[in-house]
Amino acid sequence: MNDMSTTEAPAIALTAIDLSLGAGEARVHILKHIDLHIGRGEAVGLVGASGSGKSTLLMVMAGLERPDSGSVRVAGTDLGALDEDGLARFRGREVGIVFQSFHLIPTMTAIENVAVPLELAGQRDAFARAKDELAAVGLGHRLHHYPAQLSGGEQQRVAIARALAPRPAIVVADEPTGNLDESTGRQIIDLLFASHAERGSTLVLVTHDTALAARCDRVVRLRSGSIETPKPLRADA
Amino acid sequence: MPLAPPPFLSLRLALREMRAGLRGFLVFIACIALGVMAIAGVGSLARSLSEGLAHEGRSILGGDLAFSLIQREATAHERAFMRSRGALSAVATMRAMVRTSDARSALVELKAVDDAYPLYGQVSLQPAGDLHRALAAGGNVFGAVADPALLERLNLAVGAHVALGAATLEIRASLRDEPDRLAGGIGFGPRLIVSDAALRASGLVQPGSLVRWLYRLRLPANAADDGAIESLTKEANAKFPQAGWDIRSRKNASPQLERNIERFSQFLTLVGLTALLVGGVGVANAVKSYLERRRESIATMKALGATGGRIFAIYLTQVLMLAGIGTAIGLAAGIALPFLVTALFGAVIPLPIAPTIHPAELALAAVYGIATSLAFALWPLGRAHDVPVSALYREVVATDIGAPRLRYVGATAVVILALSGIAVLLAYDQRIALIFIGSAALTFVALRAIAALLMALARRLPRPRSTALRLAVTNIHRPGALTPTVVLSLGLGLTLLVTVTLVDGNLRRQFEAALPERAPAFYFLDIPQADTGRFDAFIANAAPGAQLERVPMLRGRIVSVKGVPAEKLSPSAQTAWALHGDRGITTAAQVPDGSRIVAGAWWPADYDGPPKVSMEKRIAEGLGLAVGDTIVVNVLGRNIAAEVANLRTVDWQSLGINFVLVYSPNAFRGAPQTSIATLTYRDGGDAARETELVRSLATAFPSVTAIRVKEALDTFGALVANLVMAVRGASLICILAAILVLGGALAASHRHRVYDAVILKTLGATRGRLLAAYALEYLALGGATAVFGVVAGSLAAWFVVAEVMNLPFVWLPLPALAAALSALAITVGFGLAGTFSALRQKPAAILRNL
């Protein structure tokens, strides 16, 4: 269901997105009529208070959550037209995701964790590439360690290697430093930005950290499910 | 362009997932292993027995081919025909009495052999020696060899003299083994072997005496193959259509025993299947809680591009591997069983077990194991397909998300149907297999309904004022509550326990405690026709006031029914026995005591027309006979056709003289016959009087055989006790599986309990209050389930006893309630044992990790 006709289209185009969660009295209107376009190769910081809907918005971009209405086009693909399995394959191919709590698979070693998306995508050289990716994040010597044998920072670096391994067009990261100390967090962010610069992928980052947001090309601020004012931060970008 | 995933990707990912170890799957593996072990073990043992019987067929039969006649010897023509085909040996067997010089007597299973005996195998004596030398006559005294049990019973030693009818015997050796021992069936007394000449000298062979004449043939080596045996059988039947003989070949030397083995092994296979069914619940629980623990991994893999189908394939692979491990363990134990039985009991079991590995039986057990795992795992596995990725970043309450996709529901249905199909197709009695499957399904549905009802009830209860009670009620209906799993596993286990206890109790009652109030004390066989008057007078004098019932007795084989030869009939499983071998038949002018006419009419007392017969209703129906139809029975070498005049129901429990076939008085006029009689003491009798009667009878009527009913019942009782042991052993496996499943379900909820307990303790709940809440919860669950278990178990026991075994069923309240109470105690005990450790946890340690 790939729509490749709009090659110059933005990497992510969200149009009139509405999303509510829960049922009955507990139903909460989380995203309210969101319009957002993110260009190819752009780095965008999503900021806002807790509960403002930034993580949910990120999940909509990654095809992990379906909006109640509106259109989501990512890397030229209309996500609304894909079924669950179509979305899974799309993610495996086009989107790399980094979570705040890493979400490594505990029964797999570092290299196996990184190889999984490559294996699922049918890459024959999955392990060779996973090894390279781990070396690139400085974990070439920790290939066969299990998540429980790694520090928090190391686990997040494995998660980044895993997100980047399939060379996705888009990388989304949900508070990637939320569970890490300041210095480790900085290293992780450096890694994300370095790969973004090197590979030209689109990067969307959810964060509370204004300094971190400031490193992005653009900051989008959410308040109660609506975008406040998209404004350019870095005139020299 | 997406590439195709590499082959075995699911297997690779499954293997990585399995690295967390088998924790949480031990119940899964143990349940499957137990069920497979039971089925493989029973199958292997039964096959080893059948093969042993087949292998020893010639020895057991005593020849390549055996012609069996009752109450008459073969004619000269028949003998000449047999002799023309190979070496012939004639053996006669009957029940008889031996007497010592001081007038003590004992019932024996007499066997008279000719010089050619045995054609195959060896008779082993103590002291060792040649059989025929031991049996040879010296003057007026004939030699004999006796089972050591006879010597013990009469307190005799080798060399002693005893009387058999009119003949005097010298016991020359004790009998250690005879090759054709199994061909005879159950014996009421110890074996005594004499020569043919001794039997004839005894005078026991009178016209109509219940003597079985066996003519065994050893075929020449060039004409002894199966084809030759078959064509010889056909030729013999064609040449002597009125012979009425039962021809057996070495391939079916002991058909009755084989049928019993088959029937019993099918029954035990059903018990094994029950163990698997109960274990299946453990499988479902284990898979469900495992997948719940793996939710995050599943969601992560989905976030990385795994499709729902891929997730299903990964976890299905794991389930198959686990089922494989359980099956392999079960098969190994099943293989070992026949070897173990032979090693431990080989010397005392009177059956030729040939322990070998039987691939077909093992394959079947493996199919049952894997299919049961799939039947119970596909549903929860199918749900894994739809685990949302949002589980990664949003706490989702673990509620049931309803049925999985249609394809998984369909796959589950296909596996269940296949499993049921195999069970029914391979069953000895398909009706029983179908009822078993129906009741199993019904029990599952009923238990689910009870669980749902309990939860709904708990939800609607007004909020209790007691905190403990409130906690208990909440625990029963909260999302992810233990209620469905505990009710299901406990309910199945308890139903089974009550069933087994009641069947067991009823069987023992039959043979141990309650003889019918007016059961006869004796059966007398072979009362000569000429002596009946003298016999009646003797009894009237020796047992004044006791009731004697005497009727003529012949033996006959059903030859054809409504013109269809017996071998071409396909009777119901319950009536097939009536066609095997010969049946006792009698004549009567009046409706026999204990019988009730339910169709047709009894003949007039002075009826003198063509033969008519009265048949037992169930057998007649099983053979497709109705009033007015014709049945042909061979009696004493003549085919007698008779019209079915009426159908009777018979109270077999009265232990009186009851026959399936009762003929009109004139049907066998002139045919040599003897009488059979029962003697019933009005006050129940006692050992001293009975022993004295046997002693005086043996002197007055040496040819009459007296069977003490109490001793005969003891013989049967011992046999039944062995069967009950086997049933108990197999049932124990089911109950073990149920306890495992229950323990597994409670253990799976342990983490949840610890969390609850810690939070509640933090908020000020005392341990006593928590304990009371948990105890109340388990009591409520256990109590409701116990009621169901007692009702369902009683119904199942009634079915087994009344419908399958055709015995009267009595509900035994004590064993049933004891079973229910012990199950309740196990539930509360298991539950609280787990909870104790939860209560001991220090809150801080847990809270830090929350």
# chains A, B, ... in the order shown; residues from 1 in each chain; ligands from 1

$ select_by_dssp --residues "segment 16-200 of chain A" --states "strand (DSSP E or B)" --output "PyMOL selection string"
chain A and resi 16-21+28-38+43-48+69-74+77-78+95-98+170-174

$ residues_around --residues "segment 112-125 of chain A" --least-positions-apart "3" --cutoff "8 Å" --atoms "only C-alpha atoms" --output "list in words"
Arg89, Gly92, Arg93, Leu104, Ile105, Met108, Thr109, Ala128, Arg129, Ala130, Glu133, Leu134, Val158, Ala159, Ala161, Arg162, Ala163, Ala165 and Pro166 of chain A; Pro2, Leu3, Ala4, Pro5, Pro6, Leu9, Met301, Leu304, Gly305 and Ala306 of chain B

$ residues_around --residues "Val44 of chain A" --least-positions-apart "2" --cutoff "8 Å" --atoms "only C-alpha atoms" --output "ChimeraX atom specification"
/A:38,42,46,203-205,213,216-220

$ closest_residue --among "B:Val613, B:Ala336, B:Ala446, B:Val498" --to "Val42 of chain B" --atoms "only C-alpha atoms"
B:Ala336

$ residues_around --residues "segment 51-67 of chain B" --least-positions-apart "6" --cutoff "8 Å" --atoms "only C-alpha atoms" --output "JSON, numbers by chain"
{"B": [118, 119, 120, 121, 179, 180, 181, 182, 183, 214, 215, 216, 217, 218, 219, 224, 229, 245, 246, 247, 248, 249, 250, 251, 252, 253, 254, 351, 352, 353, 354]}

$ closest_residue --among "A:Gly138, A:Gly96, A:Pro147, A:Gly41" --to "chain B" --atoms "only C-alpha atoms"
A:Gly96

$ residues_around --residues "Ala75 of chain A" --least-positions-apart "5" --cutoff "7 Å" --atoms "only C-alpha atoms" --output "ChimeraX atom specification"
/A:11-12,169

$ write_last_selection --atoms "N, CA and C atoms" --output "CSV table (one decimal), in the first residue's frame"
chain,number,residue,atom,x,y,z
A,11,ALA,N,8.5,13.8,5.6
A,11,ALA,CA,8.7,12.4,6.1
A,11,ALA,C,7.5,12.0,6.9
A,12,ILE,N,6.9,12.9,7.7
A,12,ILE,CA,5.8,12.6,8.5
A,12,ILE,C,4.7,13.7,8.2
A,169,ALA,N,14.0,5.2,7.8
A,169,ALA,CA,13.9,6.6,7.4
A,169,ALA,C,13.7,7.5,8.5

$ closest_atom_pairs --of "chain B" --to "chain A" --cutoff "12 Å" --atoms "only C-alpha atoms" --output "CSV"
residue,atom,partner,partner_atom,distance
B:Met1,CA,A:Arg93,CA,9.4
B:Pro2,CA,A:Ala121,CA,6.4
B:Leu3,CA,A:Gly122,CA,4.8
B:Ala4,CA,A:Gly122,CA,5.0
B:Pro5,CA,A:Gly122,CA,3.7
B:Pro6,CA,A:Gly122,CA,5.6
B:Pro7,CA,A:Gly122,CA,9.2
B:Phe8,CA,A:Glu119,CA,10.7
B:Leu9,CA,A:Glu119,CA,7.4
B:Ser10,CA,A:Leu120,CA,9.4
B:Arg12,CA,A:Glu119,CA,10.0
B:Leu13,CA,A:Val116,CA,8.3
B:Ala14,CA,A:Thr107,CA,10.1
B:Leu15,CA,A:Thr107,CA,9.4
B:Arg16,CA,A:Met108,CA,6.0
B:Glu17,CA,A:Thr107,CA,5.5
B:Met18,CA,A:Thr107,CA,7.4
B:Arg19,CA,A:Thr107,CA,5.7
B:Ala20,CA,A:Thr107,CA,5.8
B:Gly21,CA,A:Thr107,CA,9.4
B:Arg293,CA,A:Pro106,CA,11.6
B:Arg294,CA,A:Ile105,CA,9.3
B:Arg295,CA,A:Ile105,CA,10.7
B:Glu296,CA,A:His103,CA,7.3
B:Ser297,CA,A:Ile105,CA,5.5
B:Ile298,CA,A:Ile105,CA,8.8
B:Ala299,CA,A:His103,CA,9.1
B:Thr300,CA,A:His103,CA,6.4
B:Met301,CA,A:Val116,CA,7.7
B:Lys302,CA,A:Ala88,CA,6.1
B:Ala303,CA,A:Ala88,CA,6.7
B:Leu304,CA,A:Gly92,CA,5.1
B:Gly305,CA,A:Gly92,CA,3.8
B:Ala306,CA,A:Ala88,CA,5.8
B:Thr307,CA,A:Asp85,CA,4.8
B:Gly308,CA,A:Asp85,CA,6.4
B:Gly309,CA,A:Asp85,CA,8.1
B:Arg310,CA,A:Leu120,CA,8.8
B:Ile311,CA,A:Asp85,CA,10.8
B:Ile314,CA,A:Leu120,CA,11.8
B:His385,CA,A:Asp85,CA,10.0
B:Asp386,CA,A:Glu84,CA,8.8
B:Val387,CA,A:Glu84,CA,10.8
B:Pro388,CA,A:Leu64,CA,8.3
B:Val389,CA,A:Leu64,CA,6.2
B:Ser390,CA,A:Leu64,CA,6.7
B:Ala391,CA,A:Leu64,CA,10.2
B:Leu392,CA,A:His103,CA,7.6
B:Tyr393,CA,A:Phe99,CA,8.3
B:Arg394,CA,A:Thr56,CA,9.7
B:Val396,CA,A:Gly22,CA,10.7
B:Val397,CA,A:Gly22,CA,11.7

$ write_last_selection --atoms "C-alpha atoms" --output "CSV table (one decimal), in the first residue's frame"
chain,number,residue,atom,x,y,z
B,1,MET,CA,11.4,-4.5,-1.3
B,2,PRO,CA,10.9,-6.7,1.8
B,3,LEU,CA,12.7,-10.0,1.8
B,4,ALA,CA,11.3,-13.3,2.9
B,5,PRO,CA,12.3,-14.1,6.5
B,6,PRO,CA,15.0,-16.8,6.7
B,7,PRO,CA,13.8,-20.3,7.2
B,8,PHE,CA,13.4,-21.5,10.8
B,9,LEU,CA,13.3,-17.9,12.1
B,10,SER,CA,10.4,-18.7,14.4
B,12,ARG,CA,15.4,-19.5,16.3
B,13,LEU,CA,13.5,-16.9,18.1
B,14,ALA,CA,11.6,-19.5,20.1
B,15,LEU,CA,14.8,-21.1,21.2
B,16,ARG,CA,16.1,-17.7,22.4
B,17,GLU,CA,12.8,-17.1,24.2
B,18,MET,CA,13.2,-20.5,26.0
B,19,ARG,CA,16.5,-19.4,27.5
B,20,ALA,CA,14.6,-18.1,30.5
B,21,GLY,CA,14.4,-21.8,31.4
B,293,ARG,CA,4.7,-12.6,31.5
B,294,ARG,CA,6.0,-12.3,27.9
B,295,ARG,CA,3.7,-9.5,27.0
B,296,GLU,CA,6.5,-7.0,26.9
B,297,SER,CA,8.7,-9.1,24.8
B,298,ILE,CA,5.8,-9.8,22.4
B,299,ALA,CA,5.0,-6.1,22.2
B,300,THR,CA,8.7,-5.3,21.6
B,301,MET,CA,9.0,-7.8,18.8
B,302,LYS,CA,5.8,-6.3,17.3
B,303,ALA,CA,7.3,-2.8,17.6
B,304,LEU,CA,10.3,-4.2,15.7
B,305,GLY,CA,8.3,-5.5,12.8
B,306,ALA,CA,7.0,-8.9,13.9
B,307,THR,CA,3.5,-9.7,12.6
B,308,GLY,CA,0.8,-11.3,14.7
B,309,GLY,CA,1.3,-14.5,12.8
B,310,ARG,CA,5.0,-14.5,13.5
B,311,ILE,CA,4.4,-14.1,17.2
B,314,ILE,CA,7.2,-18.3,17.8
B,385,HIS,CA,-1.5,-12.6,18.0
B,386,ASP,CA,-3.3,-9.5,19.2
B,387,VAL,CA,-1.2,-8.3,22.1
B,388,PRO,CA,-1.1,-4.6,21.4
B,389,VAL,CA,2.2,-2.8,21.1
B,390,SER,CA,0.8,-0.1,23.4
B,391,ALA,CA,1.5,-2.6,26.2
B,392,LEU,CA,5.0,-1.2,26.1
B,393,TYR,CA,4.1,2.3,27.2
B,394,ARG,CA,0.7,2.0,28.7
B,396,VAL,CA,-3.0,-2.4,30.5
B,397,VAL,CA,-5.2,-4.3,33.0

$ select_by_dssp --residues "segment 434-531 of chain B" --states "alpha helix (DSSP H)" --output "ChimeraX atom specification"
/B:434-460,467-477,483-508

$ atom_distance --atom1 "atom CA of Gln71 of chain B" --atom2 "atom CA of Ile527 of chain B"
13.5 Å

$ atom_distance --atom1 "atom CA of Lys111 of chain B" --atom2 "atom CA of Gln256 of chain B"
19.9 Å

$ residues_around --residues "Arg99 of chain B" --least-positions-apart "5" --cutoff "6 Å" --atoms "only C-alpha atoms" --output "list in words"
Arg104, Ser105, Val162 and Ala163 of chain B

$ residues_around --residues "segment 580-586 of chain B" --least-positions-apart "2" --cutoff "9 Å" --atoms "only C-alpha atoms" --output "list of chain:residue names"
B:Ser68, B:Ile70, B:Trp245, B:Asp246, B:Pro255, B:Gln256, B:Val551, B:Pro552, B:Met553, B:Leu554, B:Arg555, B:Gly556, B:Arg557, B:Ile558, B:Ala576, B:Trp577, B:Ala578, B:Ala588, B:Phe659, B:Val660, B:Leu661, B:Val662, B:Tyr663, B:Ser664, B:Pro665

$ closest_residue --among "A:Val60, A:Gly51, A:Leu31, A:Val72" --to "Thr15 of chain A" --atoms "only C-alpha atoms"
A:Val72
